[in-house]
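Please read the structure below before turning to the comments.
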Amino acid sequence: MGTRSTCLLMTLCLGIVSVSSEELLHRQKRIWIVESFKIEESRPGPYPYVLGNVHIEKAFHVSFYLLGQGVDLDPRGKLSINKDTGDILVHGELDYELYQILKLTFEARDTSNNAVDTRLGVEVVILDINDNPPVFQRNTYTIKLNESTSQGDFVTAVVATDKDQSSTNNGTFDLKIVSITPTPPDNLEFFLEQSDLTGIIKFKGCLEYEKSKKYTILVEAKDRGEVVQLSSTCTNIINIEDGNNNLPVFTGQTGAGSIKERDRGDVPILRLQVLDQDSKGTVAWKAKYTIHGDKDQNFRITTDPDTNEGVLFVEKPLDYKDGSQRNLSVSVENEVPYFSCKVKGRPAMGLWDVVTTVSLTGERALLSIRHLTVTVEDINDPPIFTPAIKNVMVEENVEVGWYLETFTAIDLDRNHGYTFKYVKGKDPCDCVAVDTKTGKITTTKILDRESPYVKDNVYQVTVFAIDDGQPPMTGTGTLNIHIKDQNDNLPELEMATMDMCLSDEHTEVNITAYDLDEEPYSGPFYFQLQGDDVKGKWRIDPDNGYTVNLVKENTVYAGHHELLLKVFDLQGQGALHNLSVTVCDCSRVASCRMRRATGSKIGESAVGIVIAAMLLLLGFLLLSLLLTFKRDLKLIPLDEIYGEHLLKSNIEIPGTDCKVPTATILQVDSQVETKAAFQPIKGMSAVQKSASMRAQVRSGYSKYSSSYQEQQQGEFQRGTTLRKSAPTKLRSNGYYEQGSMVSRSMKTRTRYSSWEEDNCLDKSGHLMTQLNQRMYTLQVQGEELGDYAPHPYAEEGDLETDLQLDAISIPETLFDQDTLLYLGPRFNTLASICNTADLSAS
């Protein structure tokens, strides 16, 4: 510190500010002496102290000012100047590591007017002292070092820095190893090589994991300070990883060392034990086994991860006939290569003399080898079919008992003398039989190529051969029966129900046929419509192929049509099919069969319930009928209103309370009455004809209703029945003819008085008169009765998706009026209507 204080007064470093020539002449009269200054960092107090002074040769009145770093710039407040004396004062410590030079401005001002007389640049140099030790980048370094690492290789590196001035001894430091824990053995030495600020740690000799698993090396960095030397240390932890410097050695084996022929490797044959002095669980300790002398690769060996034992298994089944013993050898090594290291000499300079050995994986010279003998035990071999798969060709539909093939098995254990029994295995349709002694296979059913059990024209059967050994063994044979096709299937239609649109032009729909047979017994097919009534209405275009068009001419009306179509295959065999075609106006109905399909979705259970309910209802009706005959029925009074009425009844069985006049009376007068009352209906519209027909039928049946009153008088003979009646028929000349209502099963006849007969005929004529009058009043001049436009109703939804109404179907033939003969109990309704009409008319 004293030597540095002597350097406070040095040469003058002035920066003279440029001035004019007049000022220069004026200043030449003044001589300024300003010294440069140096301050030692971290100087102890007391503060403030005088750093220096500005000397003046001639006395004149000026004031001194100091500006810049240390005064009004950072580091602020460290320096100041006495305005009157020019003394420069230091007010605190300065740090060399922060500021090496302080740059200031010195000014002298005239006291009279405060004008700047002189301005000089001044530098204050900060002197460094040794106040910072060298510091390592990290306090602790931890690394892993494999035991097989060679001497001289890089182990780790440490880096240190010093904040002091690097060009001085204060900022220069040395690195060295100061301690190693534990002390290395004689064959190992750690050393450090320094390069500038970095130290690299290396070693000489050989590492031994078994002697020490970890070393802690303390490295020191110490500077070269002249007054005081500062230092610091870092810790290097080197963990030694065990290397494979100890080979595994076989120590023994356990296990039977034998296996039954044809057994597979789920159970180990034997286990091999080894000893390895390397650390357990490391790659240097884990054993790896190799089998030698197993040319057929019948064996495999694995390593038990817990015990390091070698476990021998059978990879492929062994056959006793190939030998009762198998000789092989097994070698063992580790998962990493083996190495060794030995120190032969320790020269004073450089690395030591070391001998290392490294063996590659699989070098048998250094490996431990174990010779093994595996015993193969003889067991019962299964029968073998030769060949195991047979193929036979046969036509379908051959007769039952047809011979197919014979399977024969052989015994590999010929010395045992086993016998076989043949048993059928897979036979999905139970179509074949197998002779248990000979293995002969015959058919038990007709073979059908189109059977779902036949795949690609092949039906597969398996046969088992079972010997009588202990335990019994089974061999399997497979018979592929290739079935040739015959023309035993007729053409079928993919769809027999279809819709067509009503149109002024012809329309068409596709018809597709298929045949379960193959060519040449299938398509293309020939299509032919049957019946004379299809001419001019329906046709097939084209008439051959797999898919043809059913063409509807514009003469076909809307409704449901049943067609008969015959489809022929290439061999001329044909099948008749019923086509159900529904024709409708597609602009109004989305699908012609939509409503029909909806109504047909009643489940089977629902149909059963409906049938049961109908049977129960019929039972109740029969019971009511029986009860009705045992009591007197009273006539229910009718409202005296002109018009048609439904007959009110006080029973639930229709027809039992209605007395019917004899057929003889009706037969005598019906034709006369009909001719007198009915007029020709040629030229009538469809509505007029239908109304006229219904009126005449009602007139004929009205005569039966009069029997209801006669029943109240007790004249009706029980047991009399009217089975069937001939209704009104339409003649070819356009006139309606009233047929005779004759009883077909009447056992007894009822007699009526002439008054009753005349009354019934009068009522019938009166009714026809009233009906004709009503039809006449409805007819409009120039228009046919019933020829009117439909009444438009408000739209209630999408007509195309409305399923509430069925399409109107008009049959091709006229209504068969003979069906009125079989109304049964439903006749009661007609009779009641007629009776009401007669009463109203009267």
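Ordering of the structure tokens sets the chain letters (A, B, ...); residue numbers start at 1 within each chain; ligands are numbered from 1 in the order shown.
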
With a distance cut-off of 9 Å and only C-alpha atoms, select the neighbouring residues of segment 102-115 of chain A, excluding the residue or stretch itself and same-chain residues fewer than 2 positions from it, and output the selection as an mmCIF file with N, CA and C atoms, in the first residue's frame.
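Writing the result to part.cif gives the following:
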data_model
loop_
_atom_site.group_PDB
_atom_site.id
_atom_site.type_symbol
_atom_site.label_atom_id
_atom_site.label_comp_id
_atom_site.auth_asym_id
_atom_site.auth_seq_id
_atom_site.Cartn_x
_atom_site.Cartn_y
_atom_site.Cartn_z
ATOM 1 N N PHE A 60 -4.176 35.314 -8.792
ATOM 2 C CA PHE A 60 -5.313 36.021 -9.423
ATOM 3 C C PHE A 60 -6.555 35.327 -8.906
ATOM 4 N N HIS A 61 -7.658 35.968 -9.033
ATOM 5 C CA HIS A 61 -8.900 35.494 -8.402
ATOM 6 C C HIS A 61 -9.667 34.565 -9.369
ATOM 7 N N VAL A 62 -9.655 33.237 -9.054
ATOM 8 C CA VAL A 62 -10.412 32.227 -9.816
ATOM 9 C C VAL A 62 -11.085 31.265 -8.830
ATOM 10 N N SER A 63 -12.098 30.579 -9.322
ATOM 11 C CA SER A 63 -12.767 29.500 -8.558
ATOM 12 C C SER A 63 -12.584 28.176 -9.333
ATOM 13 N N PHE A 64 -12.432 27.097 -8.540
ATOM 14 C CA PHE A 64 -12.144 25.776 -9.152
ATOM 15 C C PHE A 64 -13.415 24.910 -9.130
ATOM 16 N N TYR A 65 -13.636 24.173 -10.235
ATOM 17 C CA TYR A 65 -14.795 23.281 -10.392
ATOM 18 C C TYR A 65 -14.331 21.950 -10.995
ATOM 19 N N LEU A 66 -14.997 20.833 -10.582
ATOM 20 C CA LEU A 66 -14.671 19.494 -11.078
ATOM 21 C C LEU A 66 -15.990 18.795 -11.476
ATOM 22 N N LEU A 67 -16.035 18.289 -12.716
ATOM 23 C CA LEU A 67 -17.235 17.642 -13.251
ATOM 24 C C LEU A 67 -16.870 16.276 -13.853
ATOM 25 N N GLY A 68 -17.883 15.326 -13.950
ATOM 26 C CA GLY A 68 -17.646 14.046 -14.620
ATOM 27 C C GLY A 68 -17.828 12.845 -13.693
ATOM 28 N N GLN A 69 -17.239 11.686 -14.051
ATOM 29 C CA GLN A 69 -17.372 10.460 -13.289
ATOM 30 C C GLN A 69 -16.777 10.626 -11.893
ATOM 31 N N GLY A 70 -17.520 10.137 -10.936
ATOM 32 C CA GLY A 70 -17.091 10.251 -9.553
ATOM 33 C C GLY A 70 -17.621 11.483 -8.878
ATOM 34 N N VAL A 71 -18.125 12.480 -9.704
ATOM 35 C CA VAL A 71 -18.644 13.719 -9.119
ATOM 36 C C VAL A 71 -20.159 13.757 -9.353
ATOM 37 N N PRO A 75 -19.452 6.611 -10.746
ATOM 38 C CA PRO A 75 -20.004 6.481 -9.371
ATOM 39 C C PRO A 75 -20.078 7.854 -8.693
ATOM 40 N N LYS A 83 -13.300 24.882 -4.017
ATOM 41 C CA LYS A 83 -13.337 25.979 -4.978
ATOM 42 C C LYS A 83 -12.229 27.011 -4.762
ATOM 43 N N TYR A 99 -14.843 0.053 -12.319
ATOM 44 C CA TYR A 99 -14.293 1.238 -13.016
ATOM 45 C C TYR A 99 -12.769 1.183 -12.940
ATOM 46 N N GLN A 100 -12.159 1.150 -14.103
ATOM 47 C CA GLN A 100 -10.691 1.182 -14.141
ATOM 48 C C GLN A 100 -10.154 2.619 -14.280
ATOM 49 N N ASP A 117 -12.341 30.441 -17.438
ATOM 50 C CA ASP A 117 -11.030 30.901 -17.882
ATOM 51 C C ASP A 117 -10.248 29.761 -18.493
ATOM 52 N N THR A 118 -10.307 28.616 -17.860
ATOM 53 C CA THR A 118 -9.542 27.458 -18.343
ATOM 54 C C THR A 118 -10.389 26.197 -18.117
ATOM 55 N N ARG A 119 -10.344 25.273 -19.084
ATOM 56 C CA ARG A 119 -11.014 23.953 -18.948
ATOM 57 C C ARG A 119 -10.010 22.882 -19.348
ATOM 58 N N LEU A 120 -9.788 21.912 -18.446
ATOM 59 C CA LEU A 120 -8.809 20.857 -18.672
ATOM 60 C C LEU A 120 -9.477 19.479 -18.478
ATOM 61 N N GLY A 121 -9.024 18.464 -19.236
ATOM 62 C CA GLY A 121 -9.474 17.090 -19.042
ATOM 63 C C GLY A 121 -8.558 16.385 -18.060
ATOM 64 N N VAL A 122 -9.150 15.666 -17.094
ATOM 65 C CA VAL A 122 -8.391 14.995 -16.045
ATOM 66 C C VAL A 122 -8.842 13.516 -15.983
ATOM 67 N N GLU A 123 -7.859 12.595 -15.875
ATOM 68 C CA GLU A 123 -8.150 11.171 -15.710
ATOM 69 C C GLU A 123 -7.640 10.702 -14.354
ATOM 70 N N VAL A 124 -8.511 9.927 -13.660
ATOM 71 C CA VAL A 124 -8.131 9.341 -12.382
ATOM 72 C C VAL A 124 -8.067 7.834 -12.589
ATOM 73 N N VAL A 125 -6.889 7.230 -12.453
ATOM 74 C CA VAL A 125 -6.675 5.800 -12.675
ATOM 75 C C VAL A 125 -6.921 5.046 -11.384
ATOM 76 N N ILE A 126 -7.760 3.944 -11.454
ATOM 77 C CA ILE A 126 -8.032 3.081 -10.299
ATOM 78 C C ILE A 126 -7.030 1.949 -10.330
#

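Nearest to Arg138 of chain A of all the residues A:Thr161, A:Tyr47, A:Leu328, A:Lys213 is A:Thr161, based on only C-alpha atoms.
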
The distance between atom CA of Val461 of chain A and atom CA of Ile481 of chain A is 7.7 Å

The distance between atom CA of Leu565 of chain A and atom CA of Glu519 of chain A is 22.3 Å

Please build the interface table for segment 414-455 of chain A against segment 486-495 of chain A with a cut-off of 10 Å, listing for each qualifying residue the nearest atom pair and the distance in Å to one decimal; count only C-alpha atoms, order rows by chain and increasing number, and write it as CSV.
residue,atom,partner,partner_atom,distance
A:Asp448,CA,A:Asp488,CA,9.2
A:Arg449,CA,A:Gln486,CA,8.4
A:Glu450,CA,A:Asn489,CA,9.0
